[in-house]
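final-v1.cif follows; it contains mmCIF, C-alpha atoms.
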data_target
loop_
_atom_site.label_atom_id
_atom_site.label_comp_id
_atom_site.auth_asym_id
_atom_site.auth_seq_id
_atom_site.Cartn_x
_atom_site.Cartn_y
_atom_site.Cartn_z
CA MET A 1 50.55 -31.27 51.23
CA PRO A 2 51.74 -32.01 54.81
CA VAL A 3 52.27 -29.14 57.23
CA ARG A 4 55.77 -28.97 58.73
CA CYS A 5 57.11 -27.19 61.77
CA PRO A 6 59.36 -24.29 60.64
CA THR A 7 61.65 -24.89 63.66
CA CYS A 8 62.38 -28.64 63.57
CA GLN A 9 60.74 -29.59 60.24
CA SER A 10 58.57 -32.25 61.89
CA THR A 11 55.30 -33.18 60.18
CA ILE A 12 52.35 -31.72 62.05
CA PRO A 13 49.29 -33.97 62.59
CA VAL A 14 45.97 -32.67 61.34
CA ASP A 15 44.63 -32.50 64.90
CA ASP A 16 47.32 -29.91 65.75
CA VAL A 17 46.31 -27.55 62.94
CA ASP A 18 43.62 -24.91 63.53
CA LEU A 19 42.42 -23.45 60.22
CA SER A 20 40.16 -20.92 61.92
CA THR A 21 43.16 -19.18 63.56
CA ARG A 22 45.67 -20.42 60.92
CA LEU A 23 47.98 -21.66 63.73
CA GLY A 24 49.78 -24.96 64.24
CA LYS A 25 51.52 -26.56 67.22
CA CYS A 26 54.51 -28.89 67.04
CA ARG A 27 54.53 -31.72 69.57
CA GLY A 28 58.25 -32.33 69.01
CA CYS A 29 59.63 -28.91 69.92
CA ASN A 30 56.47 -27.43 71.43
CA SER A 31 56.50 -24.50 69.01
CA VAL A 32 53.39 -22.60 67.98
CA PHE A 33 53.58 -21.10 64.47
CA GLU A 34 51.47 -19.51 61.79
CA LEU A 35 50.49 -21.77 58.90
CA GLY A 36 51.15 -19.04 56.34
CA ALA A 37 51.45 -20.30 52.77
CA GLN A 38 51.63 -23.95 53.85
CA VAL A 39 47.84 -24.17 53.86
CA VAL A 40 45.74 -22.53 51.17
CA THR A 41 42.05 -22.56 51.95
CA ALA A 42 39.73 -22.54 48.99
CA SER A 43 37.28 -19.67 48.75
CA PRO A 44 33.69 -20.84 49.07
CA ALA A 45 31.77 -20.89 45.82
CA ALA A 46 29.59 -17.86 45.29
CA PRO A 47 25.90 -18.66 45.83
CA LEU A 48 23.87 -19.02 42.67
CA VAL A 49 21.23 -16.37 42.07
CA PRO A 50 18.69 -17.29 39.37
CA PRO A 51 18.43 -14.71 36.58
CA ARG A 52 15.06 -13.29 35.74
CA GLY A 53 12.74 -16.00 34.46
CA TYR A 54 14.64 -18.86 36.13
CA ALA A 55 13.85 -20.54 39.44
CA PHE A 56 14.89 -23.45 41.62
CA GLU A 57 12.34 -25.99 42.73
CA THR A 58 13.55 -26.58 46.27
CA PRO A 59 12.39 -28.66 49.23
CA ALA A 60 9.62 -27.28 51.40
CA SER A 61 12.18 -25.81 53.80
CA GLY A 62 13.70 -23.81 50.94
CA GLU A 63 17.13 -24.04 52.57
CA SER A 64 19.04 -25.35 49.58
CA MET A 65 18.74 -25.45 45.80
CA TYR A 66 19.58 -29.16 45.97
CA ARG A 67 17.45 -31.88 47.42
CA ASP A 68 18.02 -35.55 48.24
CA ASP A 69 16.25 -38.13 46.13
CA ALA A 70 15.03 -41.51 47.39
CA ARG A 71 18.58 -42.89 47.33
CA GLY A 72 20.10 -40.00 49.22
CA LYS A 73 21.70 -38.61 46.06
CA LYS A 74 21.71 -34.94 45.17
CA ALA A 75 18.91 -33.89 42.84
CA LEU A 76 18.22 -30.56 41.18
CA VAL A 77 15.22 -29.04 39.40
CA ILE A 78 15.37 -25.74 37.51
CA THR A 79 12.48 -24.15 35.66
CA ARG A 80 12.77 -21.47 32.98
CA ARG A 81 9.86 -19.27 32.02
CA TRP A 82 9.61 -18.63 28.27
CA PHE A 83 7.91 -15.25 28.46
CA ARG A 84 9.70 -12.34 26.81
CA TYR A 85 8.36 -8.89 26.07
CA VAL A 86 8.35 -9.61 22.34
CA ALA A 87 5.40 -11.90 23.10
CA LEU A 88 3.22 -8.83 23.62
CA PHE A 89 3.98 -7.57 20.12
CA LEU A 90 3.45 -11.04 18.67
CA LEU A 91 0.10 -11.29 20.43
CA LEU A 92 -1.09 -8.05 18.81
CA PHE A 93 0.24 -9.19 15.43
CA CYS A 94 -1.56 -12.55 15.72
CA ILE A 95 -4.83 -10.82 16.59
CA VAL A 96 -4.60 -8.66 13.46
CA TRP A 97 -3.34 -11.49 11.21
CA ASP A 98 -5.82 -14.11 12.38
CA GLY A 99 -8.65 -11.58 12.47
CA PHE A 100 -8.06 -10.65 8.84
CA LEU A 101 -8.07 -14.33 7.78
CA LEU A 102 -11.24 -14.99 9.77
CA THR A 103 -12.95 -12.03 8.10
CA TRP A 104 -11.75 -13.25 4.69
CA TYR A 105 -13.21 -16.73 5.10
CA VAL A 106 -16.46 -15.67 6.79
CA GLY A 107 -17.08 -13.13 4.03
CA GLY A 108 -16.23 -15.62 1.29
CA LEU A 109 -18.39 -18.42 2.66
CA THR A 110 -21.41 -16.23 3.30
CA GLN A 111 -21.23 -14.66 -0.15
CA GLY A 112 -20.62 -17.90 -2.07
CA ALA A 113 -17.08 -17.06 -3.22
CA PRO A 114 -15.40 -19.44 -5.72
CA PHE A 115 -13.14 -22.29 -4.59
CA PHE A 116 -10.00 -20.37 -5.57
CA PHE A 117 -11.02 -17.67 -3.10
CA GLN A 118 -10.89 -20.28 -0.30
CA ILE A 119 -7.53 -21.88 -1.13
CA PHE A 120 -5.66 -18.68 -2.04
CA PRO A 121 -4.70 -17.71 1.56
CA LEU A 122 -3.78 -21.23 2.76
CA VAL A 123 -0.11 -20.26 3.10
CA HIS A 124 -1.15 -17.32 5.25
CA VAL A 125 -3.31 -19.65 7.35
CA ALA A 126 -0.32 -21.94 7.96
CA VAL A 127 1.81 -18.95 9.01
CA GLY A 128 -0.96 -17.76 11.32
CA ILE A 129 -1.31 -21.16 12.99
CA GLY A 130 2.44 -21.52 13.53
CA LEU A 131 2.89 -17.98 14.81
CA THR A 132 -0.12 -18.24 17.11
CA TYR A 133 1.18 -21.51 18.57
CA TYR A 134 4.61 -19.99 19.14
CA THR A 135 3.12 -16.90 20.78
CA ALA A 136 0.95 -19.05 23.06
CA SER A 137 4.07 -21.03 24.01
CA LEU A 138 5.86 -17.83 25.05
CA PHE A 139 3.02 -17.04 27.44
CA LEU A 140 2.37 -20.52 28.80
CA ASN A 141 5.46 -22.70 28.49
CA ARG A 142 8.25 -23.43 30.91
CA SER A 143 11.34 -25.55 30.44
CA ARG A 144 12.09 -28.02 33.21
CA ILE A 145 15.69 -29.14 33.74
CA GLU A 146 15.74 -32.00 36.21
CA LEU A 147 18.86 -33.70 37.46
CA SER A 148 18.49 -37.03 39.25
CA ALA A 149 21.10 -39.54 40.35
CA GLU A 150 21.18 -41.15 36.91
CA HIS A 151 19.76 -38.77 34.28
CA LEU A 152 19.57 -35.17 33.15
CA ASN A 153 16.03 -34.67 31.87
CA VAL A 154 14.93 -31.66 29.80
CA SER A 155 11.23 -31.13 29.04
CA HIS A 156 8.95 -28.30 27.90
CA GLY A 157 5.27 -27.66 28.51
CA PRO A 158 2.36 -27.49 28.87
CA LEU A 159 2.28 -26.98 25.07
CA PRO A 160 4.33 -29.71 23.35
CA TRP A 161 7.69 -28.56 21.97
CA PRO A 162 10.72 -30.37 20.51
CA GLY A 163 13.94 -30.67 22.51
CA VAL A 164 12.87 -33.19 25.16
CA LYS A 165 15.92 -35.16 26.33
CA ALA A 166 16.98 -37.74 28.88
CA LEU A 167 20.76 -37.96 29.15
CA PRO A 168 22.48 -40.68 31.23
CA LEU A 169 25.02 -39.16 33.60
CA ALA A 170 27.31 -42.16 34.05
CA SER A 171 29.82 -40.97 31.45
CA VAL A 172 29.71 -37.21 32.11
CA ARG A 173 33.17 -35.78 32.77
CA GLY A 174 32.48 -32.05 32.67
CA VAL A 175 30.00 -29.25 31.95
CA LYS A 176 30.65 -26.37 29.55
CA VAL A 177 28.77 -23.24 28.53
CA GLY A 178 29.10 -21.45 25.20
CA PRO A 179 27.38 -20.25 22.02
CA ASP A 180 25.57 -22.88 20.00
CA ARG A 181 27.63 -22.63 16.79
CA ARG A 182 25.28 -24.73 14.68
CA TRP A 183 22.29 -22.54 15.52
CA TRP A 184 24.35 -19.36 15.07
CA MET A 185 25.29 -20.29 11.51
CA GLN A 186 21.60 -20.27 10.61
CA ASN A 187 20.61 -17.22 12.70
CA ARG A 188 23.53 -14.80 12.68
CA ASN A 189 21.48 -11.93 14.02
CA GLN A 190 21.07 -13.59 17.43
CA ALA A 191 23.39 -15.80 19.43
CA MET A 192 21.85 -18.75 21.26
CA TRP A 193 23.79 -20.09 24.23
CA ALA A 194 23.83 -23.72 25.27
CA VAL A 195 24.88 -25.95 28.14
CA PHE A 196 27.15 -28.76 26.95
CA VAL A 197 28.17 -31.96 28.71
CA GLU A 198 31.54 -33.52 28.08
CA THR A 199 31.82 -37.30 27.95
CA GLU A 200 34.73 -39.55 27.06
CA ALA A 201 33.53 -39.64 23.45
CA GLU A 202 32.08 -36.20 22.67
CA VAL A 203 30.84 -32.80 23.75
CA LYS A 204 27.14 -32.33 23.09
CA PRO A 205 24.57 -29.60 23.85
CA VAL A 206 21.82 -30.68 26.23
CA VAL A 207 20.05 -27.40 26.99
CA ARG A 208 19.69 -24.53 24.52
CA LEU A 209 18.91 -21.08 25.90
CA LEU A 210 18.73 -17.66 24.27
CA ASP A 211 20.68 -15.72 26.91
CA GLU A 212 24.21 -16.10 28.23
CA ASP A 213 23.31 -15.42 31.89
CA GLY A 214 20.71 -18.19 31.88
CA ALA A 215 23.07 -20.67 30.26
CA ARG A 216 25.83 -19.95 32.77
CA PHE A 217 23.39 -20.22 35.66
CA VAL A 218 22.05 -23.61 34.51
CA GLY A 219 25.52 -24.92 33.64
CA THR A 220 26.97 -23.91 37.01
CA ALA A 221 24.03 -25.39 38.94
CA VAL A 222 24.30 -28.71 37.08
CA ALA A 223 28.10 -28.84 37.52
CA ARG A 224 27.85 -28.26 41.26
CA ALA A 225 25.14 -30.89 41.62
CA LEU A 226 27.47 -33.37 39.88
CA GLU A 227 30.39 -32.18 42.02
CA LEU A 228 32.29 -31.02 38.92
CA PRO A 229 34.24 -27.76 38.42
CA ASP A 230 32.18 -24.70 37.52
CA PRO A 231 32.10 -24.12 33.76
CA ALA A 232 34.42 -21.37 32.53
#
Can the structure in the file be given as structure tokens, please?
Amino acid sequence: MPVRCPTCQSTIPVDDVDLSTRLGKCRGCNSVFELGAQVVTASPAAPLVPPRGYAFETPASGESMYRDDARGKKALVITRRWFRYVALFLLLFCIVWDGFLLTWYVGGLTQGAPFFFQIFPLVHVAVGIGLTYYTASLFLNRSRIELSAEHLNVSHGPLPWPGVKALPLASVRGVKVGPDRRWWMQNRNQAMWAVFVETEAEVKPVVRLLDEDGARFVGTAVARALELPDPA
């Protein structure tokens, strides 16, 4: 919106407007006036502070959460640590569970137990393997959310885990944050939050997180890197 002189209604050139003092000068009538409501300056976006367990991978200088890639485009890397305190309880449970199964099989094999004795706890063995792998993942794994000029890449490691994605950014029109309804229908005792991207055709989740603060942090960081409005 052009700035006008309140005395003679002339349009004021940009060079004659000082936003720091919120004053303007009219060359036509030589008036100096306050800009008032004619100019609304946007409040700077609040700096992003990573919640516990989240971190930016920044350049060596550490001056910004964003870094320039080889093409001079903005890039962003966020890591999320999987560890939660429940992992300590699961570790103790796995030690007891797996220790019992180990004792069962060692005792059976050394005493020449029948074949049925060996196959009876196979379901328990499968549960122990799965639970032990999950517990190890809580201690060791990190999710890596990497935004380049062309893709949003999501990966997990060092232990392999599903959910690896590479999303082209050419059609992204917005970023949203909200509960993952599909997951919630199956696990009503705990809400999982997700970061969604909006394209011309659909809205799809790209990063699933357990906590709301983490989802909003990741969603806001991605939106700002893409120069899109912050998610509501």
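The smallest atom-to-atom distance between Val3 in chain A and any of A:Gly36, A:Pro51, A:Pro229, A:Gly28, using all atoms listed in the file, is found for A:Gly36.
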- Task: Please indicate the distance in Å from CA of Ala166 in chain A to CA of Ala223 in chain A, rounded to one decimal place.
- Result: 16.7 Å
- Exactly which residues make up the result of the PyMOL selection byres ((chain A and resi 210) around 9) on this file, given as a ChimeraX atom specification? /A:190-194,208-209,211-212,214-215
Take the residues just selected and output them with C-alpha atoms as a PDB file, keeping the file's coordinate frame.
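part33.pdb, freshly written:
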ATOM      1  CA  GLN A 190      21.070 -13.590  17.430  1.00  0.00           C
ATOM      2  CA  ALA A 191      23.390 -15.800  19.430  1.00  0.00           C
ATOM      3  CA  MET A 192      21.850 -18.750  21.260  1.00  0.00           C
ATOM      4  CA  TRP A 193      23.790 -20.090  24.230  1.00  0.00           C
ATOM      5  CA  ALA A 194      23.830 -23.720  25.270  1.00  0.00           C
ATOM      6  CA  ARG A 208      19.690 -24.530  24.520  1.00  0.00           C
ATOM      7  CA  LEU A 209      18.910 -21.080  25.900  1.00  0.00           C
ATOM      8  CA  ASP A 211      20.680 -15.720  26.910  1.00  0.00           C
ATOM      9  CA  GLU A 212      24.210 -16.100  28.230  1.00  0.00           C
ATOM     10  CA  GLY A 214      20.710 -18.190  31.880  1.00  0.00           C
ATOM     11  CA  ALA A 215      23.070 -20.670  30.260  1.00  0.00           C
TER      12      ALA A 215
END
- Residues at most 12 Å from Val125 in chain A, counting all atoms listed in the file, excluding those fewer than 2 positions away in the same chain, as number ranges by chain? A: 94, 97-102, 104-105, 118-123, 127-132
- At most 8 Å from (9.3, -15.3, 29.5), file frame, all atoms listed in the file: which residues, as a ChimeraX atom specification? /A:53,80-85,138-139
- For Ile78 in chain A, work out the shell of residues within 6 Å, counting all atoms listed in the file and skipping chain neighbours fewer than 6 positions away, then give it as JSON, numbers by chain. {"A": [55, 56, 144, 145]}
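Put simply, the PyMOL selection byres ((chain A and resi 10) around 12) in this file takes in Pro2, Val3, Arg4, Cys5, Pro6, Thr7, Cys8, Gln9, Thr11, Ile12, Pro13, Gly24, Lys25, Cys26, Arg27, Gly28, Cys29, Asn30 and Ser31 of chain A.
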Could you turn the residues from that selection into a file that holds C-alpha atoms, as a CSV table (one decimal), keeping the file's coordinate frame?
chain,number,residue,atom,x,y,z
A,2,PRO,CA,51.7,-32.0,54.8
A,3,VAL,CA,52.3,-29.1,57.2
A,4,ARG,CA,55.8,-29.0,58.7
A,5,CYS,CA,57.1,-27.2,61.8
A,6,PRO,CA,59.4,-24.3,60.6
A,7,THR,CA,61.6,-24.9,63.7
A,8,CYS,CA,62.4,-28.6,63.6
A,9,GLN,CA,60.7,-29.6,60.2
A,11,THR,CA,55.3,-33.2,60.2
A,12,ILE,CA,52.4,-31.7,62.0
A,13,PRO,CA,49.3,-34.0,62.6
A,24,GLY,CA,49.8,-25.0,64.2
A,25,LYS,CA,51.5,-26.6,67.2
A,26,CYS,CA,54.5,-28.9,67.0
A,27,ARG,CA,54.5,-31.7,69.6
A,28,GLY,CA,58.2,-32.3,69.0
A,29,CYS,CA,59.6,-28.9,69.9
A,30,ASN,CA,56.5,-27.4,71.4
A,31,SER,CA,56.5,-24.5,69.0
